[in-house]
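With mmCIF, C-alpha atoms inside, this is run.cif:
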```cif
data_final
loop_
_atom_site.group_PDB
_atom_site.id
_atom_site.type_symbol
_atom_site.label_atom_id
_atom_site.label_comp_id
_atom_site.auth_asym_id
_atom_site.auth_seq_id
_atom_site.Cartn_x
_atom_site.Cartn_y
_atom_site.Cartn_z
ATOM 1 C CA MET A 2 -0.880 -11.296 1.116
ATOM 2 C CA ALA A 3 -3.351 -9.142 2.984
ATOM 3 C CA ARG A 4 -5.440 -6.610 1.090
ATOM 4 C CA LEU A 5 -4.188 -3.068 1.215
ATOM 5 C CA GLY A 6 -6.275 -0.135 2.258
ATOM 6 C CA ASP A 7 -6.509 3.043 0.207
ATOM 7 C CA LEU A 8 -4.006 4.903 2.407
ATOM 8 C CA GLU A 9 -1.557 1.986 2.344
ATOM 9 C CA ARG A 10 -1.684 1.971 -1.465
ATOM 10 C CA ALA A 11 -1.123 5.753 -1.556
ATOM 11 C CA VAL A 12 1.884 5.466 0.762
ATOM 12 C CA LEU A 13 3.353 2.627 -1.315
ATOM 13 C CA ASP A 14 2.826 4.759 -4.432
ATOM 14 C CA CYS A 15 4.945 7.500 -2.803
ATOM 15 C CA LEU A 16 7.713 5.015 -2.050
ATOM 16 C CA TRP A 17 7.603 3.553 -5.578
ATOM 17 C CA GLN A 18 7.588 6.976 -7.245
ATOM 18 C CA SER A 19 10.566 8.129 -5.210
ATOM 19 C CA GLY A 20 12.788 5.190 -6.000
ATOM 20 C CA GLU A 21 14.821 5.947 -2.891
ATOM 21 C CA PRO A 22 14.133 5.722 0.846
ATOM 22 C CA LEU A 23 11.932 8.474 2.281
ATOM 23 C CA THR A 24 11.432 9.854 5.754
ATOM 24 C CA VAL A 25 7.981 9.905 7.304
ATOM 25 C CA ARG A 26 7.961 13.681 6.820
ATOM 26 C CA GLU A 27 8.701 13.336 3.088
ATOM 27 C CA VAL A 28 5.861 10.846 2.622
ATOM 28 C CA HIS A 29 3.559 13.041 4.705
ATOM 29 C CA GLU A 30 4.386 16.113 2.578
ATOM 30 C CA ALA A 31 3.903 14.160 -0.656
ATOM 31 C CA LEU A 32 0.418 13.117 0.462
ATOM 32 C CA LEU A 33 -0.689 16.536 1.801
ATOM 33 C CA PRO A 34 -1.945 17.990 -1.506
ATOM 34 C CA GLU A 35 -4.492 15.170 -1.804
ATOM 35 C CA ARG A 36 -5.075 14.211 1.830
ATOM 36 C CA GLN A 37 -5.094 16.118 5.067
ATOM 37 C CA LEU A 38 -3.432 13.521 7.290
ATOM 38 C CA ALA A 39 -1.710 13.756 10.618
ATOM 39 C CA TYR A 40 2.005 12.981 10.601
ATOM 40 C CA THR A 41 1.367 10.175 13.085
ATOM 41 C CA THR A 42 -1.169 8.577 10.722
ATOM 42 C CA VAL A 43 1.489 8.379 8.008
ATOM 43 C CA LEU A 44 4.008 6.994 10.511
ATOM 44 C CA THR A 45 1.554 4.306 11.631
ATOM 45 C CA THR A 46 0.787 3.394 8.021
ATOM 46 C CA LEU A 47 4.487 3.062 7.165
ATOM 47 C CA GLN A 48 5.072 0.916 10.237
ATOM 48 C CA ARG A 49 2.086 -1.268 9.310
ATOM 49 C CA LEU A 50 3.482 -1.733 5.783
ATOM 50 C CA ALA A 51 6.829 -2.700 7.309
ATOM 51 C CA ARG A 52 5.129 -5.296 9.561
ATOM 52 C CA LYS A 53 3.355 -6.697 6.484
ATOM 53 C CA GLY A 54 6.725 -7.028 4.748
ATOM 54 C CA LEU A 55 5.857 -4.507 2.030
ATOM 55 C CA ALA A 56 8.190 -1.746 3.212
ATOM 56 C CA LYS A 57 11.475 -1.772 5.026
ATOM 57 C CA GLN A 58 12.524 0.618 7.717
ATOM 58 C CA ASP A 59 16.106 1.791 8.155
ATOM 59 C CA ALA A 60 16.451 2.963 11.736
ATOM 60 C CA GLN A 61 20.189 3.699 11.445
ATOM 61 C CA ALA A 62 19.708 7.271 10.285
ATOM 62 C CA ARG A 63 18.547 10.006 12.652
ATOM 63 C CA ALA A 64 15.207 10.090 10.840
ATOM 64 C CA HIS A 65 13.876 6.640 10.031
ATOM 65 C CA LEU A 66 13.894 5.929 6.316
ATOM 66 C CA PHE A 67 11.285 3.765 4.613
ATOM 67 C CA SER A 68 11.395 2.125 1.198
ATOM 68 C CA ALA A 69 9.280 -0.402 -0.666
ATOM 69 C CA VAL A 70 10.526 -3.989 -0.420
ATOM 70 C CA ALA A 71 9.557 -4.787 -4.011
ATOM 71 C CA THR A 72 8.710 -2.862 -7.148
ATOM 72 C CA ARG A 73 5.093 -2.349 -8.116
ATOM 73 C CA GLU A 74 5.523 -4.990 -10.848
ATOM 74 C CA GLU A 75 7.094 -7.533 -8.484
ATOM 75 C CA MET A 76 4.259 -7.021 -5.993
ATOM 76 C CA PHE A 77 1.652 -7.448 -8.750
ATOM 77 C CA THR A 78 3.340 -10.671 -9.887
ATOM 78 C CA GLU A 79 3.302 -12.056 -6.345
ATOM 79 C CA LEU A 80 -0.367 -11.134 -5.887
ATOM 80 C CA MET A 81 -1.373 -12.764 -9.172
ATOM 81 C CA THR A 82 0.667 -15.893 -8.435
ATOM 82 C CA ASP A 83 -0.945 -16.168 -4.995
ATOM 83 C CA ALA A 84 -4.403 -15.660 -6.493
ATOM 84 C CA LEU A 85 -3.868 -18.373 -9.106
ATOM 85 C CA GLY A 86 -2.567 -20.669 -6.381
ATOM 86 C CA ILE A 87 -5.851 -20.493 -4.484
ATOM 87 C CA ALA A 88 -8.133 -20.324 -7.525
ATOM 88 C CA GLY A 89 -8.606 -24.043 -7.949
ATOM 89 C CA ASP A 90 -9.438 -23.826 -11.652
ATOM 90 C CA GLU A 91 -6.707 -21.555 -13.051
ATOM 91 C CA HIS A 92 -8.276 -21.467 -16.505
ATOM 92 C CA GLU A 93 -11.646 -20.256 -15.159
ATOM 93 C CA ALA A 94 -9.950 -17.732 -12.864
ATOM 94 C CA MET A 95 -7.961 -16.259 -15.761
ATOM 95 C CA LEU A 96 -11.077 -16.078 -17.959
ATOM 96 C CA ARG A 97 -12.942 -14.189 -15.244
ATOM 97 C CA PHE A 98 -9.943 -11.893 -14.739
ATOM 98 C CA VAL A 99 -9.827 -11.049 -18.466
ATOM 99 C CA ASP A 100 -13.583 -10.367 -18.388
ATOM 100 C CA VAL A 101 -13.231 -7.681 -15.709
ATOM 101 C CA ILE A 102 -10.076 -5.828 -16.761
ATOM 102 C CA SER A 103 -10.206 -2.769 -18.989
ATOM 103 C CA PRO A 104 -10.008 -3.103 -22.767
ATOM 104 C CA GLU A 105 -6.577 -1.444 -22.611
ATOM 105 C CA ALA A 106 -5.312 -3.986 -20.069
ATOM 106 C CA ARG A 107 -6.803 -6.822 -22.143
ATOM 107 C CA ALA A 108 -4.986 -5.555 -25.258
ATOM 108 C CA ALA A 109 -1.708 -5.232 -23.334
ATOM 109 C CA LEU A 110 -2.105 -8.781 -22.039
ATOM 110 C CA ALA A 111 -2.811 -10.124 -25.544
ATOM 111 C CA GLU A 112 0.202 -8.263 -26.927
ATOM 112 C CA THR A 113 2.457 -9.595 -24.161
ATOM 113 C CA LEU A 114 1.269 -13.159 -24.690
ATOM 114 C CA GLY A 115 1.757 -12.789 -28.447
ATOM 115 C CA GLU A 116 5.319 -11.511 -27.948
ATOM 116 C CA GLN A 117 6.051 -14.347 -25.549
ATOM 117 C CA GLY A 118 4.809 -16.878 -28.107
ATOM 118 C CA ARG A 119 6.935 -15.324 -30.850
ATOM 119 C CA ASN A 120 10.029 -15.361 -28.600
ATOM 120 C CA LYS A 121 9.491 -19.035 -27.722
ATOM 121 C CA ARG A 122 9.233 -19.932 -31.431
ATOM 122 C CA LYS A 123 12.506 -18.064 -32.105
ATOM 123 C CA GLU A 124 14.249 -20.016 -29.324
ATOM 124 C CA ARG A 125 13.408 -23.338 -31.003
#
```

Can I see the file as structure tokens?
Amino acid sequence: MARLGDLERAVLDCLWQSGEPLTVREVHEALLPERQLAYTTVLTTLQRLARKGLAKQDAQARAHLFSAVATREEMFTELMTDALGIAGDEHEAMLRFVDVISPEARAALAETLGEQGRNKRKER
């Protein structure tokens, strides 16, 4: 998956936060308080996300509607799976990842792994 630019991430955030398809105008208005962007810039960004397979465009309505193809969590999972697939040494890649994430993220990861281990023991 290609890296996303700052504006692409901001547009995807709008789509994820909405939970329902948005028009270009709605995304543009949501971004205006933080960014002074032209409407056409937002349109181009949405179309680029659709070409990348990260957003879908419904052209049936009078105003084109855009929505995210996957949730934020599903996209993260795909990115991490892809990264581990190209890492070569998965163990080393995961160690380096844990070294660079925040202490809060590290604690959440440890808690999740601990819960997963407890659930597996219960299944036996």

Discussion item. Which residues are close to stretch 66-80 of chain A, i.e. within 6 Å by all atoms listed in the file, leaving aside same-chain residues fewer than 6 positions away? Reply as an MDAnalysis selection string.
Written reply: chainID A and resid 16 22:24 55:59

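Neighbours of stretch 97-104 of chain A closer than or equal to 12 Å, with only C-alpha atoms counted and sequence neighbours fewer than 6 positions away skipped, come out as Met81, Ala84, Leu85, Ala88, Asp90, Glu91, Leu110 and Ala111 of chain A.
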
Fill in: Residues near A:Leu44, cut-off 10 Å, all atoms listed in the file, skip fewer than 2 positions along chain, as a list of chain:residue names
A:Thr24, A:Val25, A:Arg26, A:Val28, A:His29, A:Ala39, A:Tyr40, A:Thr41, A:Thr42, A:Thr46, A:Leu47, A:Gln48, A:Arg49, A:Leu50, A:His65, A:Phe67

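In this model, the gap between atom CA of A:Ala64 and atom CA of A:Glu27 comes to 10.6 Å.
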
Padded axis-aligned box of stretch 73-88 of chain A (4 Å per side), centre and edge lengths, Å, one decimal, as JSON:
```
{"center_x": -0.5, "center_y": -11.5, "center_z": -7.7, "size_x": 23.2, "size_y": 26.3, "size_z": 14.4}
```

Item to complete: Could you check which of A:Met95, A:Arg10, A:Ile87, A:Val43 is closest to A:Arg107, using only C-alpha atoms?
Response: A:Met95

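Take atom CA of A:Leu32 and atom CA of A:Leu8: the distance between them is 9.5 Å.
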
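As for atom CA of A:Gln61 and atom CA of A:Pro34, they are spaced 29.4 Å apart.
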
Missing atoms in stretch 79-108 of chain A should be modelled up to N, CA and C atoms and reported as a compact mmCIF listing (two decimals), keeping the file's coordinate frame.
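Result file is rebuild.txt:
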```txt
# COMPACT_ATOMS: atom_id res chain seq x y z
N GLU A 79 3.52 -11.22 -7.53
CA GLU A 79 3.30 -12.06 -6.34
C GLU A 79 1.81 -12.19 -6.04
N LEU A 80 1.07 -11.09 -6.14
CA LEU A 80 -0.37 -11.13 -5.89
C LEU A 80 -1.08 -12.05 -6.88
N MET A 81 -0.73 -11.93 -8.16
CA MET A 81 -1.37 -12.76 -9.17
C MET A 81 -1.01 -14.24 -8.99
N THR A 82 0.24 -14.52 -8.66
CA THR A 82 0.67 -15.89 -8.44
C THR A 82 -0.08 -16.49 -7.24
N ASP A 83 -0.19 -15.71 -6.17
CA ASP A 83 -0.94 -16.17 -5.00
C ASP A 83 -2.40 -16.43 -5.35
N ALA A 84 -2.99 -15.50 -6.12
CA ALA A 84 -4.40 -15.66 -6.49
C ALA A 84 -4.61 -16.92 -7.33
N LEU A 85 -3.73 -17.16 -8.29
CA LEU A 85 -3.87 -18.37 -9.11
C LEU A 85 -3.66 -19.63 -8.27
N GLY A 86 -2.82 -19.53 -7.25
CA GLY A 86 -2.57 -20.67 -6.38
C GLY A 86 -3.78 -21.10 -5.57
N ILE A 87 -4.66 -20.15 -5.27
CA ILE A 87 -5.85 -20.49 -4.48
C ILE A 87 -7.10 -20.62 -5.34
N ALA A 88 -6.97 -20.36 -6.64
CA ALA A 88 -8.13 -20.32 -7.52
C ALA A 88 -8.79 -21.68 -7.74
N GLY A 89 -8.04 -22.74 -7.64
CA GLY A 89 -8.61 -24.04 -7.95
C GLY A 89 -8.54 -24.29 -9.44
N ASP A 90 -9.42 -23.69 -10.19
CA ASP A 90 -9.44 -23.83 -11.65
C ASP A 90 -8.76 -22.59 -12.24
N GLU A 91 -7.47 -22.70 -12.55
CA GLU A 91 -6.71 -21.56 -13.05
C GLU A 91 -7.29 -21.00 -14.34
N HIS A 92 -7.72 -21.90 -15.22
CA HIS A 92 -8.28 -21.47 -16.50
C HIS A 92 -9.51 -20.58 -16.28
N GLU A 93 -10.42 -21.02 -15.44
CA GLU A 93 -11.65 -20.26 -15.16
C GLU A 93 -11.31 -18.93 -14.48
N ALA A 94 -10.35 -18.96 -13.56
CA ALA A 94 -9.95 -17.73 -12.86
C ALA A 94 -9.38 -16.72 -13.85
N MET A 95 -8.54 -17.18 -14.77
CA MET A 95 -7.96 -16.26 -15.76
C MET A 95 -9.03 -15.71 -16.71
N LEU A 96 -9.99 -16.55 -17.11
CA LEU A 96 -11.08 -16.08 -17.96
C LEU A 96 -11.89 -14.99 -17.26
N ARG A 97 -12.19 -15.20 -16.00
CA ARG A 97 -12.94 -14.19 -15.24
C ARG A 97 -12.13 -12.90 -15.09
N PHE A 98 -10.82 -13.06 -14.86
CA PHE A 98 -9.94 -11.89 -14.74
C PHE A 98 -9.98 -11.08 -16.03
N VAL A 99 -9.83 -11.73 -17.17
CA VAL A 99 -9.83 -11.05 -18.47
C VAL A 99 -11.17 -10.37 -18.72
N ASP A 100 -12.26 -10.97 -18.22
CA ASP A 100 -13.58 -10.37 -18.39
C ASP A 100 -13.74 -9.04 -17.64
N VAL A 101 -13.01 -8.86 -16.54
CA VAL A 101 -13.23 -7.68 -15.71
C VAL A 101 -12.19 -6.58 -15.89
N ILE A 102 -11.08 -6.87 -16.58
CA ILE A 102 -10.08 -5.83 -16.76
C ILE A 102 -10.48 -4.91 -17.91
N SER A 103 -9.87 -3.76 -17.96
CA SER A 103 -10.21 -2.77 -18.99
C SER A 103 -9.79 -3.27 -20.37
N PRO A 104 -10.41 -2.73 -21.41
CA PRO A 104 -10.01 -3.10 -22.77
C PRO A 104 -8.52 -2.83 -23.03
N GLU A 105 -8.01 -1.76 -22.45
CA GLU A 105 -6.58 -1.44 -22.61
C GLU A 105 -5.70 -2.50 -21.96
N ALA A 106 -6.08 -2.94 -20.76
CA ALA A 106 -5.31 -3.99 -20.07
C ALA A 106 -5.42 -5.31 -20.83
N ARG A 107 -6.60 -5.59 -21.36
CA ARG A 107 -6.80 -6.82 -22.14
C ARG A 107 -5.90 -6.81 -23.38
N ALA A 108 -5.83 -5.67 -24.06
CA ALA A 108 -4.99 -5.56 -25.26
C ALA A 108 -3.50 -5.70 -24.89
```
